[in-house]
Amino acid sequence: MNTFQSALTLTENLATRTPITIQAKNDARKAAEKKVRDFLKAYVTYNPPVTNADRKAMEVPIHKKTRDHSPIATTWPWVFVSVDQERHLRFDFQGSETSKAKLDGQHGMELVGQIGGEMPTDQNKMPLSFFDTNSPMVIDFLEEYRGEDFYFSYRWENNVGEKGPWSNIFKAIIP
């Protein structure tokens, strides 16, 4: 702490305030903060004899011992289907019509599909399954499926694997 205090004193005096003394003060501050954080972590934050009441009295954050549970989605993603230059089906997904972000608390989007045949009525019986945490989801099909119908449905999945409701079943033509 004395290093930081000395460096701070130099920067407070206009006669000794220079870019070099300012940088020295900033470096000393970072080093002092690291020492304080290391001390808190070792002796306060994760020390069993220190109670949450003690931490609150010291104005130290109280860390949770469990992970926050993300809610199960009650809606499906907003999905925009297009064909990219390499003739892949591209599924851009987002949390709302106006926001490109995922729905709060959701880890990614699951998509199930079926190539050809009659339009399915049960998403759980569709044979193809895809999952992506980042939009867009891009699906590449074999050349032999070009021009076939691709039936698909999708839903959100949270960070512990709990799934939201399925969307309706839609159809696209494999490019």
# chains A, B, ... in the order shown; residues from 1 in each chain; ligands from 1
$ residues_around --residues "Lys64 in chain A" --least-positions-apart "4" --cutoff "12 Å" --atoms "only C-alpha atoms" --output "list in words"
Thr45, Tyr46, Asn52, Asp68 and His69 of chain A
$ write_last_selection --atoms "N, CA and C atoms" --output "PDB file, in the first residue's frame"
ATOM      1  N   THR A  45     -13.941 -14.317   1.740  1.00  0.00           N
ATOM      2  CA  THR A  45     -14.972 -14.784   0.820  1.00  0.00           C
ATOM      3  C   THR A  45     -15.261 -16.274   0.960  1.00  0.00           C
ATOM      4  N   TYR A  46     -14.232 -17.112   0.968  1.00  0.00           N
ATOM      5  CA  TYR A  46     -14.431 -18.560   1.002  1.00  0.00           C
ATOM      6  C   TYR A  46     -13.980 -19.190   2.323  1.00  0.00           C
ATOM      7  N   ASN A  52     -22.110 -15.041   6.587  1.00  0.00           N
ATOM      8  CA  ASN A  52     -22.664 -14.053   5.658  1.00  0.00           C
ATOM      9  C   ASN A  52     -22.986 -12.748   6.377  1.00  0.00           C
ATOM     10  N   ASP A  68     -27.193 -19.956 -10.700  1.00  0.00           N
ATOM     11  CA  ASP A  68     -28.552 -19.485 -10.955  1.00  0.00           C
ATOM     12  C   ASP A  68     -29.230 -20.426 -11.938  1.00  0.00           C
ATOM     13  N   HIS A  69     -30.465 -20.715 -11.690  1.00  0.00           N
ATOM     14  CA  HIS A  69     -31.226 -21.591 -12.573  1.00  0.00           C
ATOM     15  C   HIS A  69     -31.946 -20.742 -13.611  1.00  0.00           C
TER      16      HIS A  69
END
$ select_by_dssp --residues "range 6-50 of chain A" --states "alpha helix (DSSP H)" --output "number ranges by chain"
A: 6-12, 19-40
$ atom_distance --atom1 "CA of Pro136 in chain A" --atom2 "CA of Gly113 in chain A"
16.3 Å
$ closest_residue --among "A:Arg146, A:Lys163, A:Arg90, A:Arg37" --to "Gln106 in chain A" --atoms "only C-alpha atoms"
A:Lys163
$ closest_residue --among "A:Pro175, A:Pro49, A:Pro165, A:Pro61" --to "Asn124 in chain A" --atoms "only C-alpha atoms"
A:Pro165
$ closest_residue --among "A:Val83, A:Leu103, A:Ile20, A:Ile173" --to "Trp156 in chain A" --atoms "only C-alpha atoms"
A:Leu103
$ decode --residues "range 72-90 of chain A" --atoms "N, CA, C and O atoms" --output "mmCIF file, in the first residue's frame"
data_model
loop_
_atom_site.group_PDB
_atom_site.id
_atom_site.type_symbol
_atom_site.label_atom_id
_atom_site.label_comp_id
_atom_site.auth_asym_id
_atom_site.auth_seq_id
_atom_site.Cartn_x
_atom_site.Cartn_y
_atom_site.Cartn_z
ATOM 1 N N ILE A 72 -37.276 -21.837 -17.850
ATOM 2 C CA ILE A 72 -37.641 -22.584 -19.052
ATOM 3 C C ILE A 72 -38.398 -21.610 -19.946
ATOM 4 O O ILE A 72 -39.306 -20.903 -19.495
ATOM 5 N N ALA A 73 -38.010 -21.552 -21.213
ATOM 6 C CA ALA A 73 -38.659 -20.626 -22.154
ATOM 7 C C ALA A 73 -40.130 -20.989 -22.314
ATOM 8 O O ALA A 73 -40.512 -22.162 -22.294
ATOM 9 N N THR A 74 -40.947 -19.974 -22.477
ATOM 10 C CA THR A 74 -42.376 -20.197 -22.724
ATOM 11 C C THR A 74 -42.754 -19.842 -24.162
ATOM 12 O O THR A 74 -43.888 -20.013 -24.557
ATOM 13 N N THR A 75 -41.771 -19.334 -24.903
ATOM 14 C CA THR A 75 -41.985 -18.993 -26.314
ATOM 15 C C THR A 75 -40.929 -19.695 -27.154
ATOM 16 O O THR A 75 -39.974 -20.246 -26.619
ATOM 17 N N TRP A 76 -41.077 -19.651 -28.447
ATOM 18 C CA TRP A 76 -40.039 -20.198 -29.303
ATOM 19 C C TRP A 76 -39.222 -19.067 -29.885
ATOM 20 O O TRP A 76 -39.640 -17.909 -29.848
ATOM 21 N N PRO A 77 -38.045 -19.403 -30.413
ATOM 22 C CA PRO A 77 -37.187 -18.364 -31.001
ATOM 23 C C PRO A 77 -37.843 -17.739 -32.241
ATOM 24 O O PRO A 77 -38.665 -18.368 -32.901
ATOM 25 N N TRP A 78 -37.436 -16.521 -32.531
ATOM 26 C CA TRP A 78 -37.766 -15.906 -33.815
ATOM 27 C C TRP A 78 -36.733 -16.441 -34.784
ATOM 28 O O TRP A 78 -35.532 -16.284 -34.564
ATOM 29 N N VAL A 79 -37.167 -17.078 -35.845
ATOM 30 C CA VAL A 79 -36.242 -17.695 -36.792
ATOM 31 C C VAL A 79 -36.514 -17.149 -38.190
ATOM 32 O O VAL A 79 -37.660 -17.063 -38.633
ATOM 33 N N PHE A 80 -35.424 -16.780 -38.861
ATOM 34 C CA PHE A 80 -35.494 -16.314 -40.241
ATOM 35 C C PHE A 80 -34.699 -17.301 -41.079
ATOM 36 O O PHE A 80 -33.508 -17.509 -40.838
ATOM 37 N N VAL A 81 -35.355 -17.929 -42.057
ATOM 38 C CA VAL A 81 -34.723 -18.966 -42.865
ATOM 39 C C VAL A 81 -34.312 -18.356 -44.196
ATOM 40 O O VAL A 81 -35.086 -17.640 -44.839
ATOM 41 N N SER A 82 -33.073 -18.659 -44.612
ATOM 42 C CA SER A 82 -32.588 -18.178 -45.910
ATOM 43 C C SER A 82 -31.614 -19.204 -46.474
ATOM 44 O O SER A 82 -31.276 -20.194 -45.829
ATOM 45 N N VAL A 83 -31.162 -18.949 -47.680
ATOM 46 C CA VAL A 83 -30.175 -19.809 -48.340
ATOM 47 C C VAL A 83 -28.916 -18.978 -48.519
ATOM 48 O O VAL A 83 -28.968 -17.856 -49.025
ATOM 49 N N ASP A 84 -27.765 -19.531 -48.085
ATOM 50 C CA ASP A 84 -26.528 -18.777 -48.248
ATOM 51 C C ASP A 84 -25.892 -19.067 -49.608
ATOM 52 O O ASP A 84 -26.428 -19.839 -50.406
ATOM 53 N N GLN A 85 -24.734 -18.469 -49.884
ATOM 54 C CA GLN A 85 -24.094 -18.590 -51.193
ATOM 55 C C GLN A 85 -23.652 -20.009 -51.516
ATOM 56 O O GLN A 85 -23.535 -20.380 -52.672
ATOM 57 N N GLU A 86 -23.386 -20.830 -50.493
ATOM 58 C CA GLU A 86 -22.954 -22.209 -50.718
ATOM 59 C C GLU A 86 -24.134 -23.176 -50.772
ATOM 60 O O GLU A 86 -23.950 -24.380 -50.692
ATOM 61 N N ARG A 87 -25.343 -22.643 -50.873
ATOM 62 C CA ARG A 87 -26.565 -23.431 -50.948
ATOM 63 C C ARG A 87 -26.819 -24.237 -49.684
ATOM 64 O O ARG A 87 -27.208 -25.392 -49.707
ATOM 65 N N HIS A 88 -26.602 -23.621 -48.538
ATOM 66 C CA HIS A 88 -26.951 -24.205 -47.245
ATOM 67 C C HIS A 88 -28.212 -23.519 -46.750
ATOM 68 O O HIS A 88 -28.437 -22.355 -47.050
ATOM 69 N N LEU A 89 -29.008 -24.233 -45.979
ATOM 70 C CA LEU A 89 -30.118 -23.564 -45.299
ATOM 71 C C LEU A 89 -29.558 -22.874 -44.063
ATOM 72 O O LEU A 89 -28.800 -23.458 -43.298
ATOM 73 N N ARG A 90 -29.907 -21.623 -43.898
ATOM 74 C CA ARG A 90 -29.398 -20.804 -42.794
ATOM 75 C C ARG A 90 -30.588 -20.402 -41.920
ATOM 76 O O ARG A 90 -31.577 -19.866 -42.418
#
